[in-house]
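**Q** Data: work25.cif, mmCIF, C-alpha atoms.
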data_final
#
loop_
_atom_site.label_atom_id
_atom_site.label_comp_id
_atom_site.auth_asym_id
_atom_site.auth_seq_id
_atom_site.Cartn_x
_atom_site.Cartn_y
_atom_site.Cartn_z
CA MET A 1 -47.18 10.94 91.38
CA GLY A 2 -43.64 10.99 92.79
CA GLN A 3 -43.55 7.19 92.80
CA MET A 4 -44.64 7.10 89.15
CA ASN A 5 -41.89 9.56 88.20
CA ARG A 6 -39.24 7.53 90.02
CA ARG A 7 -40.37 4.39 88.21
CA THR A 8 -40.31 6.18 84.87
CA VAL A 9 -36.76 7.46 85.44
CA ARG A 10 -35.63 3.98 86.49
CA ASP A 11 -37.16 2.47 83.36
CA LEU A 12 -35.45 5.10 81.21
CA ARG A 13 -32.06 4.33 82.75
CA ARG A 14 -32.66 0.60 82.27
CA GLY A 15 -33.56 1.22 78.63
CA ASN A 16 -30.43 3.30 78.08
CA ARG A 17 -28.32 0.60 79.70
CA SER A 18 -29.78 -2.04 77.40
CA THR A 19 -29.34 0.17 74.33
CA LEU A 20 -25.67 0.81 75.06
CA LEU A 21 -24.99 -2.81 75.96
CA ARG A 22 -26.45 -4.03 72.65
CA GLN A 23 -24.33 -1.59 70.67
CA LEU A 24 -21.20 -2.57 72.58
CA TYR A 25 -21.98 -6.25 72.03
CA PHE A 26 -22.69 -6.14 68.30
CA GLN A 27 -20.57 -3.13 67.24
CA GLY A 28 -17.72 -3.10 69.76
CA PRO A 29 -15.04 -2.22 70.42
CA VAL A 30 -16.27 1.37 70.09
CA SER A 31 -15.55 4.66 71.86
CA ARG A 32 -17.93 6.68 74.01
CA GLN A 33 -18.23 9.22 71.21
CA GLU A 34 -19.18 6.50 68.74
CA LEU A 35 -21.75 5.13 71.20
CA GLY A 36 -23.41 8.53 71.28
CA ALA A 37 -23.62 8.61 67.49
CA LEU A 38 -24.91 5.02 67.31
CA THR A 39 -27.58 5.45 69.96
CA GLY A 40 -28.56 9.11 69.81
CA LEU A 41 -28.00 9.42 73.57
CA SER A 42 -26.39 12.50 75.04
CA SER A 43 -22.75 12.42 76.06
CA GLY A 44 -23.81 12.74 79.70
CA SER A 45 -26.12 9.72 79.47
CA VAL A 46 -23.46 7.68 77.70
CA SER A 47 -20.84 8.61 80.30
CA ASN A 48 -23.12 7.74 83.24
CA VAL A 49 -24.29 4.38 81.88
CA VAL A 50 -20.82 3.35 80.69
CA GLY A 51 -19.53 4.15 84.16
CA GLU A 52 -22.15 1.81 85.65
CA LEU A 53 -21.30 -0.97 83.20
CA LEU A 54 -17.58 -0.63 83.94
CA ALA A 55 -18.24 -0.69 87.67
CA ASP A 56 -20.36 -3.83 87.29
CA GLY A 57 -17.57 -5.54 85.33
CA LEU A 58 -19.78 -6.10 82.29
CA VAL A 59 -17.73 -3.76 80.08
CA GLU A 60 -13.98 -3.35 79.82
CA GLU A 61 -11.51 -1.12 78.02
CA ALA A 62 -10.08 -2.52 74.79
CA GLY A 63 -7.30 -0.18 73.75
CA SER A 64 -7.53 3.26 72.18
CA VAL A 65 -7.55 5.03 68.82
CA GLU A 66 -6.20 8.40 67.76
CA SER A 67 -8.68 11.24 67.50
CA ASP A 68 -8.61 14.33 65.29
CA GLY A 69 -6.48 16.82 67.21
CA GLY A 70 -7.43 15.59 70.68
CA ARG A 71 -6.62 12.91 73.19
CA PRO A 72 -6.81 9.27 72.06
CA ARG A 73 -10.27 7.78 72.42
CA THR A 74 -10.64 4.75 74.69
CA LEU A 75 -12.39 1.79 73.10
CA LEU A 76 -14.91 -0.27 75.05
CA ARG A 77 -16.33 -3.76 74.66
CA VAL A 78 -18.44 -6.26 76.57
CA ALA A 79 -16.13 -8.21 78.88
CA PRO A 80 -16.10 -11.83 77.62
CA GLY A 81 -15.46 -13.35 81.04
CA SER A 82 -18.05 -11.31 82.94
CA GLY A 83 -20.64 -14.04 82.51
CA HIS A 84 -21.29 -17.44 81.01
CA LEU A 85 -24.05 -18.85 78.83
CA ILE A 86 -25.15 -22.47 78.50
CA GLY A 87 -26.89 -23.86 75.43
CA VAL A 88 -28.64 -27.24 75.38
CA ASP A 89 -29.57 -29.08 72.18
CA VAL A 90 -32.21 -31.74 72.79
CA GLY A 91 -32.04 -33.42 69.39
CA GLU A 92 -33.51 -36.50 67.78
CA THR A 93 -30.35 -38.48 68.46
CA HIS A 94 -28.50 -36.71 71.27
CA VAL A 95 -28.53 -34.31 74.19
CA ARG A 96 -25.68 -31.84 73.82
CA VAL A 97 -24.74 -29.22 76.42
CA GLU A 98 -22.23 -26.43 75.69
CA LEU A 99 -20.92 -23.63 77.92
CA PHE A 100 -19.78 -20.33 76.38
CA ASP A 101 -18.35 -17.04 77.50
CA LEU A 102 -20.26 -13.87 76.67
CA THR A 103 -18.73 -13.68 73.18
CA LEU A 104 -20.06 -17.22 72.52
CA THR A 105 -16.64 -18.79 72.54
CA GLU A 106 -17.17 -22.42 73.54
CA LEU A 107 -15.43 -23.34 76.79
CA ALA A 108 -16.83 -26.81 77.53
CA ARG A 109 -19.05 -29.47 75.93
CA TRP A 110 -20.87 -32.62 77.06
CA GLU A 111 -22.92 -34.98 74.92
CA HIS A 112 -25.04 -38.11 75.38
CA PRO A 113 -26.39 -40.15 72.44
CA LEU A 114 -30.06 -41.09 72.26
CA THR A 115 -31.59 -44.06 70.43
CA PRO A 116 -34.49 -42.95 68.20
CA GLY A 117 -37.73 -44.31 69.61
CA GLY A 118 -35.98 -45.60 72.73
CA LEU A 119 -37.00 -45.09 76.34
CA GLU A 120 -34.12 -42.64 76.82
CA ARG A 121 -36.09 -40.11 74.77
CA GLU A 122 -38.88 -40.02 77.35
CA PRO A 123 -39.04 -36.70 79.27
CA GLU A 124 -37.63 -37.89 82.59
CA PRO A 125 -34.44 -39.49 81.17
CA VAL A 126 -33.88 -36.47 78.91
CA VAL A 127 -34.18 -34.15 81.91
CA GLY A 128 -31.66 -36.32 83.76
CA HIS A 129 -29.21 -36.05 80.85
CA ILE A 130 -29.61 -32.27 80.70
CA LEU A 131 -28.96 -31.88 84.42
CA THR A 132 -25.91 -34.16 84.22
CA GLY A 133 -24.63 -32.13 81.30
CA LEU A 134 -25.09 -28.84 83.16
CA ASP A 135 -23.00 -30.07 86.07
CA ALA A 136 -20.38 -31.49 83.69
CA VAL A 137 -19.77 -28.32 81.65
CA VAL A 138 -19.67 -26.08 84.72
CA ALA A 139 -17.12 -28.38 86.37
CA LYS A 140 -15.06 -28.83 83.21
CA SER A 141 -14.87 -25.09 82.46
CA GLY A 142 -14.28 -24.04 86.05
CA ALA A 143 -17.05 -21.45 85.71
CA GLU A 144 -18.61 -20.04 88.86
CA PRO A 145 -22.30 -21.09 88.92
CA GLY A 146 -23.18 -17.58 90.09
CA LYS A 147 -21.74 -16.16 86.85
CA VAL A 148 -23.90 -18.34 84.61
CA ILE A 149 -26.39 -15.87 83.14
CA GLY A 150 -28.77 -18.60 82.09
CA VAL A 151 -29.42 -21.90 80.36
CA GLY A 152 -31.07 -21.94 76.95
CA VAL A 153 -32.72 -25.20 75.93
CA GLY A 154 -33.59 -25.88 72.29
CA VAL A 155 -36.13 -28.67 71.78
CA PRO A 156 -38.05 -30.17 68.85
CA GLY A 157 -41.75 -29.41 68.78
CA VAL A 158 -43.92 -26.48 69.85
CA VAL A 159 -42.96 -24.60 73.02
CA GLU A 160 -45.90 -22.94 74.75
CA GLN A 161 -44.68 -19.93 76.73
CA GLY A 162 -46.64 -18.98 79.84
CA ASP A 163 -46.25 -19.26 83.59
CA GLU A 164 -44.05 -22.24 82.72
CA ALA A 165 -42.77 -23.56 79.40
CA LEU A 166 -44.69 -26.58 78.06
CA VAL A 167 -43.38 -28.65 75.16
CA HIS A 168 -45.75 -30.21 72.63
CA GLY A 169 -44.10 -32.81 70.41
CA PRO A 170 -46.64 -34.38 68.04
CA THR A 171 -44.06 -36.36 66.10
CA ALA A 172 -42.94 -38.05 69.32
CA GLY A 173 -46.46 -38.59 70.63
CA ARG A 174 -46.07 -36.23 73.61
CA ASP A 175 -48.18 -33.27 74.64
CA ALA A 176 -47.75 -30.52 77.26
CA VAL A 177 -44.49 -31.83 78.78
CA PRO A 178 -43.67 -29.50 81.72
CA LEU A 179 -40.00 -29.37 80.83
CA GLU A 180 -39.25 -26.20 82.77
CA ARG A 181 -40.83 -27.61 85.94
CA LEU A 182 -38.96 -30.90 85.57
CA LEU A 183 -35.63 -29.13 85.10
CA ARG A 184 -36.29 -26.81 88.02
CA THR A 185 -36.15 -29.81 90.39
CA GLY A 186 -32.44 -30.15 89.64
CA THR A 187 -31.09 -26.66 88.96
CA GLU A 188 -31.52 -23.10 90.19
CA LEU A 189 -29.97 -21.58 87.06
CA PRO A 190 -32.27 -19.30 85.02
CA LEU A 191 -33.98 -21.32 82.26
CA PHE A 192 -35.01 -20.23 78.76
CA ILE A 193 -36.75 -22.87 76.63
CA ASP A 194 -37.67 -22.56 72.97
CA ASN A 195 -37.98 -24.51 69.74
CA GLY A 196 -34.53 -25.53 68.51
CA ALA A 197 -35.07 -24.22 64.99
CA THR A 198 -36.18 -20.84 66.33
CA ALA A 199 -33.12 -20.64 68.57
CA GLN A 200 -30.74 -21.64 65.79
CA GLY A 201 -32.42 -19.16 63.49
CA GLN A 202 -31.76 -16.35 65.97
CA ALA A 203 -28.07 -17.27 66.01
CA GLU A 204 -27.89 -17.20 62.20
CA MET A 205 -29.58 -13.78 62.18
CA TRP A 206 -27.16 -12.36 64.74
CA PHE A 207 -23.88 -14.00 63.78
CA GLY A 208 -24.34 -15.97 60.54
CA ALA A 209 -25.92 -15.76 57.11
CA GLY A 210 -28.84 -13.61 58.29
CA ARG A 211 -26.80 -10.62 59.38
CA GLY A 212 -28.14 -7.37 57.92
CA ALA A 213 -31.53 -8.81 56.94
CA ASP A 214 -34.81 -7.83 58.58
CA ASN A 215 -36.99 -10.47 56.93
CA ALA A 216 -35.64 -13.99 56.51
CA VAL A 217 -36.48 -17.66 56.88
CA ILE A 218 -33.91 -20.09 58.24
CA ALA A 219 -34.95 -23.49 56.83
CA LEU A 220 -33.42 -26.37 58.78
CA ILE A 221 -33.27 -29.98 57.62
CA GLY A 222 -31.96 -32.89 59.65
CA SER A 223 -33.84 -35.88 60.99
CA GLY A 224 -36.76 -33.44 61.16
CA VAL A 225 -37.62 -30.34 59.13
CA GLY A 226 -38.40 -26.93 60.59
CA ALA A 227 -37.99 -23.23 60.02
CA ALA A 228 -37.38 -20.01 61.92
CA ILE A 229 -39.34 -17.11 60.46
CA VAL A 230 -38.05 -13.58 61.09
CA THR A 231 -40.17 -10.55 60.19
CA ALA A 232 -39.09 -6.96 60.83
CA GLY A 233 -36.11 -8.32 62.75
CA MET A 234 -38.22 -10.31 65.20
CA PRO A 235 -39.09 -14.03 65.30
CA TYR A 236 -42.62 -14.75 64.13
CA ARG A 237 -44.25 -17.23 66.50
CA GLY A 238 -47.94 -17.18 65.61
CA ALA A 239 -50.91 -17.18 67.97
CA THR A 240 -49.77 -20.20 70.00
CA SER A 241 -46.02 -20.30 69.24
CA SER A 242 -46.37 -23.05 66.61
CA ALA A 243 -45.29 -21.00 63.59
CA GLY A 244 -42.33 -22.52 61.74
CA GLU A 245 -43.58 -26.12 61.47
CA TRP A 246 -42.63 -25.96 57.82
CA GLY A 247 -41.87 -29.67 57.68
CA HIS A 248 -45.56 -30.42 58.18
CA THR A 249 -46.86 -28.39 55.28
CA VAL A 250 -48.29 -30.66 52.59
CA VAL A 251 -46.46 -31.06 49.28
CA GLN A 252 -48.31 -34.18 48.04
CA VAL A 253 -52.01 -34.85 48.66
CA GLY A 254 -52.39 -38.49 49.65
CA GLY A 255 -48.61 -38.86 49.73
CA ARG A 256 -46.10 -40.57 51.98
CA ALA A 257 -46.97 -41.14 55.62
CA CYS A 258 -45.33 -38.68 58.01
CA ARG A 259 -44.46 -39.48 61.59
CA CYS A 260 -46.74 -36.62 62.72
CA GLY A 261 -49.70 -38.76 61.65
CA ALA A 262 -50.57 -36.87 58.46
CA VAL A 263 -49.64 -37.78 54.89
CA GLY A 264 -47.80 -35.84 52.21
CA CYS A 265 -45.78 -33.62 54.58
CA LEU A 266 -42.60 -31.99 53.29
CA GLU A 267 -40.64 -33.81 56.02
CA ALA A 268 -41.78 -37.14 54.55
CA TYR A 269 -39.90 -36.24 51.35
CA VAL A 270 -36.85 -34.18 52.35
CA GLY A 271 -36.14 -35.23 55.95
CA ALA A 272 -33.02 -37.36 56.33
CA GLN A 273 -34.83 -40.63 57.04
CA ALA A 274 -37.26 -40.03 54.17
CA VAL A 275 -34.35 -39.69 51.76
CA LEU A 276 -32.76 -42.88 53.12
CA ASP A 277 -36.05 -44.74 52.74
CA ARG A 278 -36.60 -43.61 49.15
CA TYR A 279 -33.05 -44.47 48.19
CA GLY A 280 -33.55 -48.05 49.33
CA ARG A 281 -36.50 -48.73 47.02
CA ARG A 282 -36.22 -50.49 43.70
CA ALA A 283 -35.38 -48.14 40.88
CA GLY A 284 -38.49 -47.32 38.91
CA GLY A 285 -40.86 -47.93 41.85
CA VAL A 286 -43.91 -45.76 42.40
CA TYR A 287 -43.25 -43.21 45.14
CA GLY A 288 -45.76 -42.13 47.71
CA GLY A 289 -47.98 -45.00 48.81
CA ALA A 290 -48.36 -45.85 52.48
CA GLU A 291 -47.87 -49.59 51.88
CA GLU A 292 -44.68 -48.92 49.98
CA ASP A 293 -43.49 -46.62 52.78
CA ALA A 294 -43.77 -49.47 55.26
CA ALA A 295 -42.05 -51.92 52.94
CA ALA A 296 -39.22 -49.48 52.24
CA ALA A 297 -38.67 -48.71 55.90
CA GLY A 298 -38.63 -52.37 56.82
CA ALA A 299 -36.74 -53.92 53.95
CA GLY A 300 -35.10 -52.17 51.04
CA ALA A 301 -33.82 -49.02 52.74
CA GLY A 302 -31.07 -50.59 54.78
CA ALA A 303 -29.57 -52.67 51.99
CA GLY A 304 -29.35 -49.83 49.46
CA VAL A 305 -27.88 -47.34 51.88
CA GLY A 306 -25.52 -49.92 53.30
CA ALA A 307 -24.09 -50.58 49.88
CA ALA A 308 -23.53 -46.89 49.25
CA ALA A 309 -22.00 -46.19 52.64
CA GLY A 310 -19.86 -49.29 52.71
CA VAL A 311 -21.36 -50.50 56.01
CA GLY A 312 -24.06 -52.93 57.03
CA ALA A 313 -27.76 -52.09 56.78
CA GLY A 314 -28.29 -52.14 60.53
CA ALA A 315 -25.48 -49.69 61.16
CA CYS A 316 -26.58 -47.42 58.36
CA LEU A 317 -30.07 -46.90 59.69
CA GLY A 318 -28.96 -46.54 63.29
CA ALA A 319 -28.94 -43.40 65.37
CA GLY A 320 -27.07 -40.15 65.05
CA GLU A 321 -23.75 -40.51 63.31
CA ASP A 322 -24.86 -43.63 61.41
CA GLN A 323 -27.84 -41.84 59.90
CA GLN A 324 -25.66 -38.89 59.02
CA ALA A 325 -22.99 -41.13 57.51
CA ALA A 326 -25.57 -42.95 55.39
CA PHE A 327 -27.07 -39.67 54.21
CA ALA A 328 -23.64 -38.26 53.37
CA ALA A 329 -22.86 -41.44 51.42
CA ILE A 330 -25.91 -40.95 49.21
CA VAL A 331 -24.91 -37.34 48.55
CA GLY A 332 -21.36 -38.45 47.77
CA ALA A 333 -22.55 -41.23 45.44
CA ALA A 334 -24.76 -38.91 43.37
CA GLY A 335 -21.91 -38.11 41.00
CA THR A 336 -21.47 -41.71 39.89
CA GLU A 337 -24.60 -43.65 40.81
CA ALA A 338 -27.87 -43.16 38.95
CA ARG A 339 -30.11 -44.16 41.85
CA ALA A 340 -28.49 -41.72 44.28
CA ARG A 341 -28.66 -38.95 41.67
CA GLU A 342 -32.34 -39.70 41.02
CA VAL A 343 -33.24 -39.51 44.71
CA LEU A 344 -31.35 -36.25 45.24
CA GLU A 345 -32.93 -34.70 42.15
CA GLU A 346 -36.36 -35.63 43.45
CA THR A 347 -35.47 -34.31 46.91
CA ALA A 348 -34.29 -31.01 45.42
CA ALA A 349 -37.58 -30.70 43.55
CA TYR A 350 -39.66 -31.19 46.69
CA LEU A 351 -37.39 -28.88 48.65
CA GLY A 352 -37.70 -26.23 45.96
CA ALA A 353 -41.49 -26.47 46.15
CA GLY A 354 -41.33 -26.09 49.92
CA ILE A 355 -39.03 -23.07 49.70
CA ALA A 356 -41.32 -21.53 47.09
CA ASP A 357 -44.16 -21.76 49.61
CA LEU A 358 -42.04 -19.82 52.10
CA ILE A 359 -41.28 -17.14 49.51
CA ASN A 360 -44.89 -16.80 48.40
CA LEU A 361 -46.18 -16.64 51.99
CA PHE A 362 -43.57 -14.48 53.74
CA ASN A 363 -41.73 -12.55 50.98
CA PRO A 364 -38.36 -12.76 52.80
CA GLU A 365 -35.13 -11.09 51.78
CA ARG A 366 -33.26 -14.34 52.37
CA ILE A 367 -33.88 -18.05 52.63
CA ILE A 368 -31.06 -19.65 54.63
CA LEU A 369 -30.75 -23.41 54.27
CA GLY A 370 -29.18 -25.14 57.26
CA GLY A 371 -29.24 -28.20 59.49
CA TRP A 372 -26.79 -31.05 58.94
CA ALA A 373 -28.81 -32.64 56.12
CA GLY A 374 -29.72 -29.27 54.62
CA LEU A 375 -26.07 -28.28 54.38
CA LEU A 376 -25.17 -31.61 52.77
CA LEU A 377 -27.98 -31.23 50.24
CA GLY A 378 -27.28 -27.57 49.65
CA GLY A 379 -23.55 -28.11 49.24
CA ARG A 380 -24.18 -30.38 46.27
CA MET A 381 -27.62 -29.38 44.98
CA LEU A 382 -28.03 -25.65 45.64
CA PRO A 383 -28.29 -24.63 41.94
CA ARG A 384 -30.90 -27.38 41.40
CA ILE A 385 -32.79 -26.29 44.53
CA ARG A 386 -32.81 -22.69 43.32
CA ALA A 387 -34.06 -23.76 39.92
CA ALA A 388 -36.84 -25.84 41.45
CA THR A 389 -37.80 -22.93 43.69
CA ALA A 390 -37.99 -20.62 40.68
CA ALA A 391 -40.34 -23.07 38.93
CA TYR A 392 -42.85 -22.94 41.81
CA ALA A 393 -42.49 -19.45 43.30
CA LEU A 394 -44.07 -16.24 42.10
CA HIS A 395 -41.59 -14.56 39.79
CA ARG A 396 -41.19 -11.15 41.44
CA PRO A 397 -40.76 -12.23 45.09
CA TYR A 398 -38.41 -15.04 43.97
CA ALA A 399 -36.27 -12.55 42.06
CA GLN A 400 -35.91 -10.46 45.21
CA THR A 401 -34.99 -13.36 47.51
CA GLU A 402 -31.48 -14.65 48.14
CA ILE A 403 -31.21 -18.40 48.74
CA GLY A 404 -28.00 -19.46 50.46
CA LEU A 405 -26.48 -21.74 53.07
CA ALA A 406 -26.24 -21.28 56.82
CA GLU A 407 -22.83 -20.20 58.11
CA LEU A 408 -22.74 -21.49 61.69
CA GLY A 409 -22.26 -25.15 60.84
CA PRO A 410 -24.40 -28.29 60.89
CA ASP A 411 -24.85 -28.54 64.68
CA ALA A 412 -25.60 -25.02 65.84
CA VAL A 413 -28.70 -25.65 67.97
CA ALA A 414 -26.76 -25.45 71.26
CA LEU A 415 -25.17 -22.20 70.10
CA GLY A 416 -28.61 -20.91 69.15
CA ALA A 417 -30.01 -21.99 72.52
CA ALA A 418 -27.28 -19.96 74.24
CA THR A 419 -28.60 -16.84 72.51
CA LEU A 420 -31.83 -17.17 74.53
CA PRO A 421 -30.23 -16.11 77.86
CA LEU A 422 -27.98 -13.75 75.90
CA ALA A 423 -31.04 -11.97 74.52
CA HIS A 424 -32.38 -11.60 78.06
CA PHE A 425 -29.03 -10.22 79.22
CA LEU A 426 -28.96 -7.62 76.45
CA ALA A 427 -32.59 -6.67 77.02
CA THR A 428 -32.27 -6.18 80.77
CA GLY A 429 -28.67 -5.00 80.92
CA ARG A 430 -27.94 -7.30 83.84
CA ALA A 431 -26.17 -10.63 84.18
CA ARG A 432 -28.65 -12.09 86.73
#
Take the structure in the file and give it back as structure tokens.

**A**
Amino acid sequence: MGQMNRRTVRDLRRGNRSTLLRQLYFQGPVSRQELGALTGLSSGSVSNVVGELLADGLVEEAGSVESDGGRPRTLLRVAPGSGHLIGVDVGETHVRVELFDLTLTELARWEHPLTPGGLEREPEPVVGHILTGLDAVVAKSGAEPGKVIGVGVGVPGVVEQGDEALVHGPTAGRDAVPLERLLRTGTELPLFIDNGATAQGQAEMWFGAGRGADNAVIALIGSGVGAAIVTAGMPYRGATSSAGEWGHTVVQVGGRACRCGAVGCLEAYVGAQAVLDRYGRRAGGVYGGAEEDAAAAGAGAGAGVGAAAGVGAGACLGAGEDQQAAFAAIVGAAGTEARAREVLEETAAYLGAGIADLINLFNPERIILGGWAGLLLGGRMLPRIRAATAAYALHRPYAQTEIGLAELGPDAVALGAATLPLAHFLATGRAR
């Protein structure tokens, strides 16, 4: 019985530590008195736990404020330099590694481009790039490896959490990749692996357009299409962690071929490459047939996009920056070119139908449109996207849903990945 009581007291102190640390992180700088009001903890509990956090170097004083008739109140905050976080973005066209302090100020960055469909996107080369990037950002920032709280890795596909993280990537033809085990051969840093959209969604909820909402969907469009679903303030993962594969919901029965192997997926209409392909077809063509998809991908797409972007077809449909430049050129041309305007109008219609599905299914307070292609589309077409959503969504839930743009920028997956070890830090109250 005594052992059970000791364990219960220890758990209570750990819970209090986590509660105070979260309030200091998200609400700080605040005084001890304010911490008591925010948490409901007694002044004695606040004083004891704050003393521990100060002694551990996780919290520091941040000035003082006048009080009513008494001594000035000392303000406290989480010490930015008391630990470091690393976020890794394993994207369609790059591996990006970023190192942050505890306030998520970027201190170092490393990036390696990937060729879509190339051998470099196989698991072993990707793991090699990640490990190289980890060494590079630690060396560049001068951070002590022992002060790195953890490494968050955001990946495309479904991440199965268990004894070890396994990555299932149907669009890339891979299944059950033991990414955590592969990375463990080259680093002893704590690892946290999750879907990139889920990680980026957590960052938007904490620091971006989702702040203050308990129920939201962060809809991300780039080379692929995904979503992070948040219900009651927590990410919704589903029975096997595959929730959020919004890009592979069907918007057209018997429609365009999707790289996942199905037909008619939303990604096959609003994903960046899908938009490039449709733009390259002859005006007035019939959209949606598998034979036409192949012809567009192999022939017309490059020429049309090349003309709009002012570069050659091969460069336009290349990796990374070339795809983004070609997509941006179509968006930019929509004001003066009928074909570009037609494709974007059609894309907005499909996107509106997809967002309406999210509203009808999850009844969120907010839909947050992000990803590099999503922000380009939303920046020009947001009123049209809202109108299309209204045409397909149930009236009452649509009227109660805000549809807006993400605030953390077009390439926030690494930042989102860094919130994975940050969440562990705040939950446990300890750096390692």

**Q** Evaluate the PyMOL selection byres ((chain A and resi 38-46) around 12) here and jot the selected residues down as a ChimeraX atom specification.

**A** /A:12-24,26-28,30-37,47-54,76

**Q** Per residue of range 25-96 of chain A within 9 Å of range 215-224 of chain A, note the shortest atom pair and the distance in Å to one decimal, counting all atoms listed in the file, and order the rows by chain and increasing residue number, as CSV.

**A**
residue,atom,partner,partner_atom,distance
A:Gly91,CA,A:Ser223,CA,8.9
A:Glu92,CA,A:Ser223,CA,6.8
A:Thr93,CA,A:Ser223,CA,8.6

**Q** Can you measure CA of Thr249 in chain A to CA of Gln200 in chain A for me? One decimal in Å is fine.

**A**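 Answer for the CA of Thr249 in chain A to CA of Gln200 in chain A separation: 20.4 Å.
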
**Q** Smallest atom-to-atom distance to Val251 in chain A: which of A:Thr347, A:Gln324, A:Thr231, A:Thr185, using all atoms listed in the file?

**A** A:Thr347

**Q** Running the PyMOL selection byres ((chain A and resi 150) around 10) on this model by hand, what would come out? Give it as a list in words.

**A**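 That expression, the PyMOL selection byres ((chain A and resi 150) around 10), corresponds here to Gly83, His84, Leu85, Ile86, Gly87, Pro145, Gly146, Lys147, Val148, Ile149, Val151, Gly152, Val153, Glu188, Leu189, Pro190, Leu191, Phe192, Ala418, Thr419, Leu420, Pro421, Leu422, His424, Phe425, Ala431 and Arg432 of chain A.
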
**Q** Any chance you could resolve the PyMOL selection byres ((chain A and resi 135) around 12) against this file and give the residues as a VMD selection string?

**A** chain A and resid 86 97 to 99 108 to 110 128 to 134 136 to 145 148 151 186 to 189

**Q** Env of range 202-209 of chain A: 9 Å cut, atoms = all atoms listed in the file, seq-sep filter 2 positions within chain, self excluded. Answer as a compact mmCIF listing (two decimals) with C-alpha atoms, in the frame of the given file.

**A**
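Once written, part.txt looks like this:
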# COMPACT_ATOMS: atom_id res chain seq x y z
CA PHE A 26 -22.69 -6.14 68.30
CA ALA A 197 -35.07 -24.22 64.99
CA THR A 198 -36.18 -20.84 66.33
CA ALA A 199 -33.12 -20.64 68.57
CA GLN A 200 -30.74 -21.64 65.79
CA ARG A 211 -26.80 -10.62 59.38
CA GLY A 212 -28.14 -7.37 57.92
CA ALA A 213 -31.53 -8.81 56.94
CA ASP A 214 -34.81 -7.83 58.58
CA ALA A 216 -35.64 -13.99 56.51
CA ILE A 218 -33.91 -20.09 58.24
CA ALA A 228 -37.38 -20.01 61.92
CA VAL A 230 -38.05 -13.58 61.09
CA GLY A 233 -36.11 -8.32 62.75
CA MET A 234 -38.22 -10.31 65.20
CA PRO A 235 -39.09 -14.03 65.30
CA ARG A 366 -33.26 -14.34 52.37
CA ILE A 368 -31.06 -19.65 54.63
CA GLY A 404 -28.00 -19.46 50.46
CA LEU A 405 -26.48 -21.74 53.07
CA ALA A 406 -26.24 -21.28 56.82
CA GLU A 407 -22.83 -20.20 58.11
CA LEU A 408 -22.74 -21.49 61.69
CA ALA A 412 -25.60 -25.02 65.84
CA VAL A 413 -28.70 -25.65 67.97
CA LEU A 415 -25.17 -22.20 70.10
CA GLY A 416 -28.61 -20.91 69.15
CA ALA A 417 -30.01 -21.99 72.52
CA ALA A 418 -27.28 -19.96 74.24
CA THR A 419 -28.60 -16.84 72.51
CA LEU A 420 -31.83 -17.17 74.53

**Q** Please measure the separation of CA of Ala334 in chain A and CA of Ile355 in chain A, giving the value in Å to one decimal.

**A**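 Answer for the CA of Ala334 in chain A to CA of Ile355 in chain A separation: 22.2 Å.
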
**Q** For a test of reading the model, state the distance in Å between CA of Asp194 in chain A and CA of Ala257 in chain A, rounded to one decimal.

**A**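 Distance reported for this atom pair: 27.1 Å.
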
**Q** Smallest atom-to-atom distance to Ala353 in chain A: which of A:Cys265, A:Leu183, A:Ile193, A:Leu375, using all atoms listed in the file?

**A**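 Checking each candidate against Ala353 in chain A, we get A:Cys265 as the closest.
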
**Q** Excluding Leu179 in chain A and any residue of its chain fewer than 3 positions from it, enumerate the residues within 10 Å of it, using all atoms listed in the file, and give them as a PyMOL selection string.

**A** chain A and resi 123-124+126-127+153+155+159+164-167+176+182-184+193

**Q** Give me the residues within 12 Å of Asp357 in chain A as JSON, numbers by chain, counting only C-alpha atoms and dropping any in the same chain fewer than 5 places off.

**A** {"A": [217, 219, 246, 247, 249, 250, 251, 266, 350, 351, 352, 362, 363, 364, 367, 388, 389, 390, 391, 392, 393, 394, 397, 398]}

**Q** Taking only C-alpha atoms into account, name the residue in A:Ala79, A:Ile403, A:Leu344, A:Leu369 that is nearest to Met381 in chain A.

**A**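 Looking at the shortest contact to Met381 in chain A, the residue is A:Leu344.
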
**Q** Residues at most 9 Å from Val343 in chain A, counting all atoms listed in the file, excluding those fewer than 4 positions away in the same chain, as an NGL selection string?

**A** :A and (275 or 278-279 or 330 or 334 or 338-339 or 347-348)

**Q** Tell me which of A:Gly210, A:Gly378, A:Gly162, A:Gly261 sits closest to Glu402 in chain A, counting only C-alpha atoms.

**A**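 Selected residue with least distance to Glu402 in chain A: A:Gly210.
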